[in-house]
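J.: One structure follows; several queries about it will come next.
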Amino acid sequence: MKRHAVSLTVNGRASEISVEPRQSLAEALRTELNLTGTHLGCEHGVCGACTVLVGGEPIRGCLMFAVQAQGLEITTIEGLSGEGLTPLQESFRQHHALQCGFCTPGMVLTIHALLARDPAAGGDAIREAIAGNLCRCTGYQPIVEAALAVSAGAGRGVAQEPVKRKGEDDGATRASS
């Protein structure tokens, strides 16, 4: 099958990939760019595991052909922060908003986009935003609590700087438990 060259910006870096005409964006990110944080779940746009940001807006990577991404700016979970964790990612960790982790990249990107649009988003807005992201482990409440913890509506602003964990800034290695 004929392959097509696609030029796009992924996580702030110009990239060119060669894809088959019907290859999904999610699959191309995983196979062509080795960005495996974009998970493939249902591949029908139902679960939200493949959510990436296109021009800052969350989309289902399994429903978009890679050739449609020509010239677009894509952000995956790997590109959300330079080093360390973003405040939202750290909040997910602190609030136990992830268990198996399969839905987590899609959830984080969806909530990140919401808070970029509405830094004071409340619980109802957060629940509505993640309504299309399925999680079989958490029961959703820890995810909502994690998002609320970084929402300006909870008295905190959404900082874009990554949070460094203890020992990361000096190159120290954490002991495994």
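Residue numbering restarts at 1 in every chain; chains get A, B, ... in the order shown in the structure tokens, and ligands count up from 1 in that same order.
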Run DSSP on the backbone and grab whatever in chain A lands in strand (DSSP E); send it over as a PDB file with C-alpha atoms, in the first residue's frame.
T.:
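Once everything was written out, this is out-v3.pdb:
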ATOM      1  CA  HIS A   4       2.176   9.229   2.514  1.00  0.00           C
ATOM      2  CA  ALA A   5       4.607  11.704   4.035  1.00  0.00           C
ATOM      3  CA  VAL A   6       3.047  13.779   6.801  1.00  0.00           C
ATOM      4  CA  SER A   7       4.748  16.797   8.330  1.00  0.00           C
ATOM      5  CA  LEU A   8       3.474  17.778  11.752  1.00  0.00           C
ATOM      6  CA  THR A   9       4.649  19.191  15.045  1.00  0.00           C
ATOM      7  CA  VAL A  10       4.571  16.701  17.905  1.00  0.00           C
ATOM      8  CA  ARG A  13       9.205  19.281  17.616  1.00  0.00           C
ATOM      9  CA  ALA A  14       8.824  19.242  13.846  1.00  0.00           C
ATOM     10  CA  SER A  15       8.407  15.672  12.640  1.00  0.00           C
ATOM     11  CA  GLU A  16       7.864  13.923   9.348  1.00  0.00           C
ATOM     12  CA  ILE A  17       6.338  10.479   9.277  1.00  0.00           C
ATOM     13  CA  SER A  18       5.452   8.048   6.517  1.00  0.00           C
ATOM     14  CA  VAL A  19       2.036   6.471   6.992  1.00  0.00           C
ATOM     15  CA  THR A  51      -6.801  11.079  23.557  1.00  0.00           C
ATOM     16  CA  VAL A  52      -4.184  13.560  22.354  1.00  0.00           C
ATOM     17  CA  LEU A  53      -4.322  17.327  21.963  1.00  0.00           C
ATOM     18  CA  VAL A  54      -4.589  18.717  18.451  1.00  0.00           C
ATOM     19  CA  GLU A  57      -8.080  20.497  21.938  1.00  0.00           C
ATOM     20  CA  PRO A  58      -8.593  16.871  23.006  1.00  0.00           C
ATOM     21  CA  ILE A  59      -9.367  14.460  20.189  1.00  0.00           C
ATOM     22  CA  ARG A  60      -9.571  10.692  19.902  1.00  0.00           C
ATOM     23  CA  GLU A  73       0.373  20.651  16.281  1.00  0.00           C
ATOM     24  CA  ILE A  74      -0.062  17.503  18.383  1.00  0.00           C
ATOM     25  CA  THR A  75       0.617  17.116  22.098  1.00  0.00           C
TER      26      THR A  75
END
J.: For the structure I just gave you, how does DSSP split region 57-159 of chain A - specifically, which residues are alpha helix (DSSP H)? Reply as a VMD selection string.
T.: chain A and resid 87 to 94 104 to 117 123 to 129 141 to 150
J.: Which residues are near region 33-44 of chain A? Cut-off 9 Å, only C-alpha atoms, ignore same chain within fewer than 2 positions. Put them as a count of residues only.
T.: 26
J.: Record the distance separating CA of Asp118 (chain A) and CA of Gln99 (chain A), expressed in Å with one decimal.
T.: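 Separating CA of Asp118 (chain A) from CA of Gln99 (chain A) is a distance of 26.6 Å.
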J.: Counting only C-alpha atoms, which of A:Ala69, A:Arg93, A:Thr138, A:Ala147 gets nearest to Ala113 (chain A)?
T.: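 Looking at the shortest contact to Ala113 (chain A), the residue is A:Ala147.
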J.: Within 7 Å of region 120-128 of chain A, counting only C-alpha atoms, which residues show up once you throw out same-chain ones fewer than 4 positions away? Write them as a VMD selection string, please.
T.: chain A and resid 111 115 144 148 151 to 153
J.: For the selection you just gave me, I'd like the residues written to a file as a PDB file, in the first residue's frame, keeping N, CA and C atoms.
T.:
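Once written, part-v3.pdb looks like this:
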ATOM      1  N   ILE A 111      -8.287  16.717  30.905  1.00  0.00           N
ATOM      2  CA  ILE A 111      -8.419  17.683  31.999  1.00  0.00           C
ATOM      3  C   ILE A 111      -7.473  18.858  31.789  1.00  0.00           C
ATOM      4  N   LEU A 115      -8.698  22.723  31.822  1.00  0.00           N
ATOM      5  CA  LEU A 115      -8.160  23.742  32.722  1.00  0.00           C
ATOM      6  C   LEU A 115      -7.435  24.851  31.968  1.00  0.00           C
ATOM      7  N   VAL A 144     -11.546  13.318  39.700  1.00  0.00           N
ATOM      8  CA  VAL A 144     -12.189  14.622  39.878  1.00  0.00           C
ATOM      9  C   VAL A 144     -11.494  15.384  41.004  1.00  0.00           C
ATOM     10  N   LEU A 148      -9.695  18.979  40.714  1.00  0.00           N
ATOM     11  CA  LEU A 148     -10.126  20.090  41.563  1.00  0.00           C
ATOM     12  C   LEU A 148      -8.975  20.659  42.379  1.00  0.00           C
ATOM     13  N   SER A 151      -7.349  23.156  40.205  1.00  0.00           N
ATOM     14  CA  SER A 151      -8.243  24.148  39.621  1.00  0.00           C
ATOM     15  C   SER A 151      -8.200  25.438  40.431  1.00  0.00           C
ATOM     16  N   ALA A 152      -8.207  26.560  39.727  1.00  0.00           N
ATOM     17  CA  ALA A 152      -8.242  27.854  40.408  1.00  0.00           C
ATOM     18  C   ALA A 152      -9.520  27.971  41.239  1.00  0.00           C
ATOM     19  N   GLY A 153     -10.551  27.229  40.855  1.00  0.00           N
ATOM     20  CA  GLY A 153     -11.798  27.220  41.615  1.00  0.00           C
ATOM     21  C   GLY A 153     -11.617  26.622  42.994  1.00  0.00           C
TER      22      GLY A 153
END
J.: For each of A:Gln94, A:Ser24, A:Ile143, A:Gly84, take the minimum atom-to-atom distance to Ala129 (chain A), counting only C-alpha atoms, then give the residue where this is smallest.
T.: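 Nearest to Ala129 (chain A): A:Ile143.
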J.: Check the smallest atom-to-atom distance from each of A:Gly45, A:Leu109, A:Arg3, A:Gln23 to Ser81 (chain A) using only C-alpha atoms, then report the winner.
T.: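 Selected residue with least distance to Ser81 (chain A): A:Leu109.
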J.: Any idea what the distance is between CA of His96 (chain A) and CA of Ile130 (chain A)?
T.: 16.7 Å
J.: Please indicate the distance in Å from CA of Thr86 (chain A) to CA of Gln141 (chain A), rounded to one decimal place.
T.: 20.0 Å
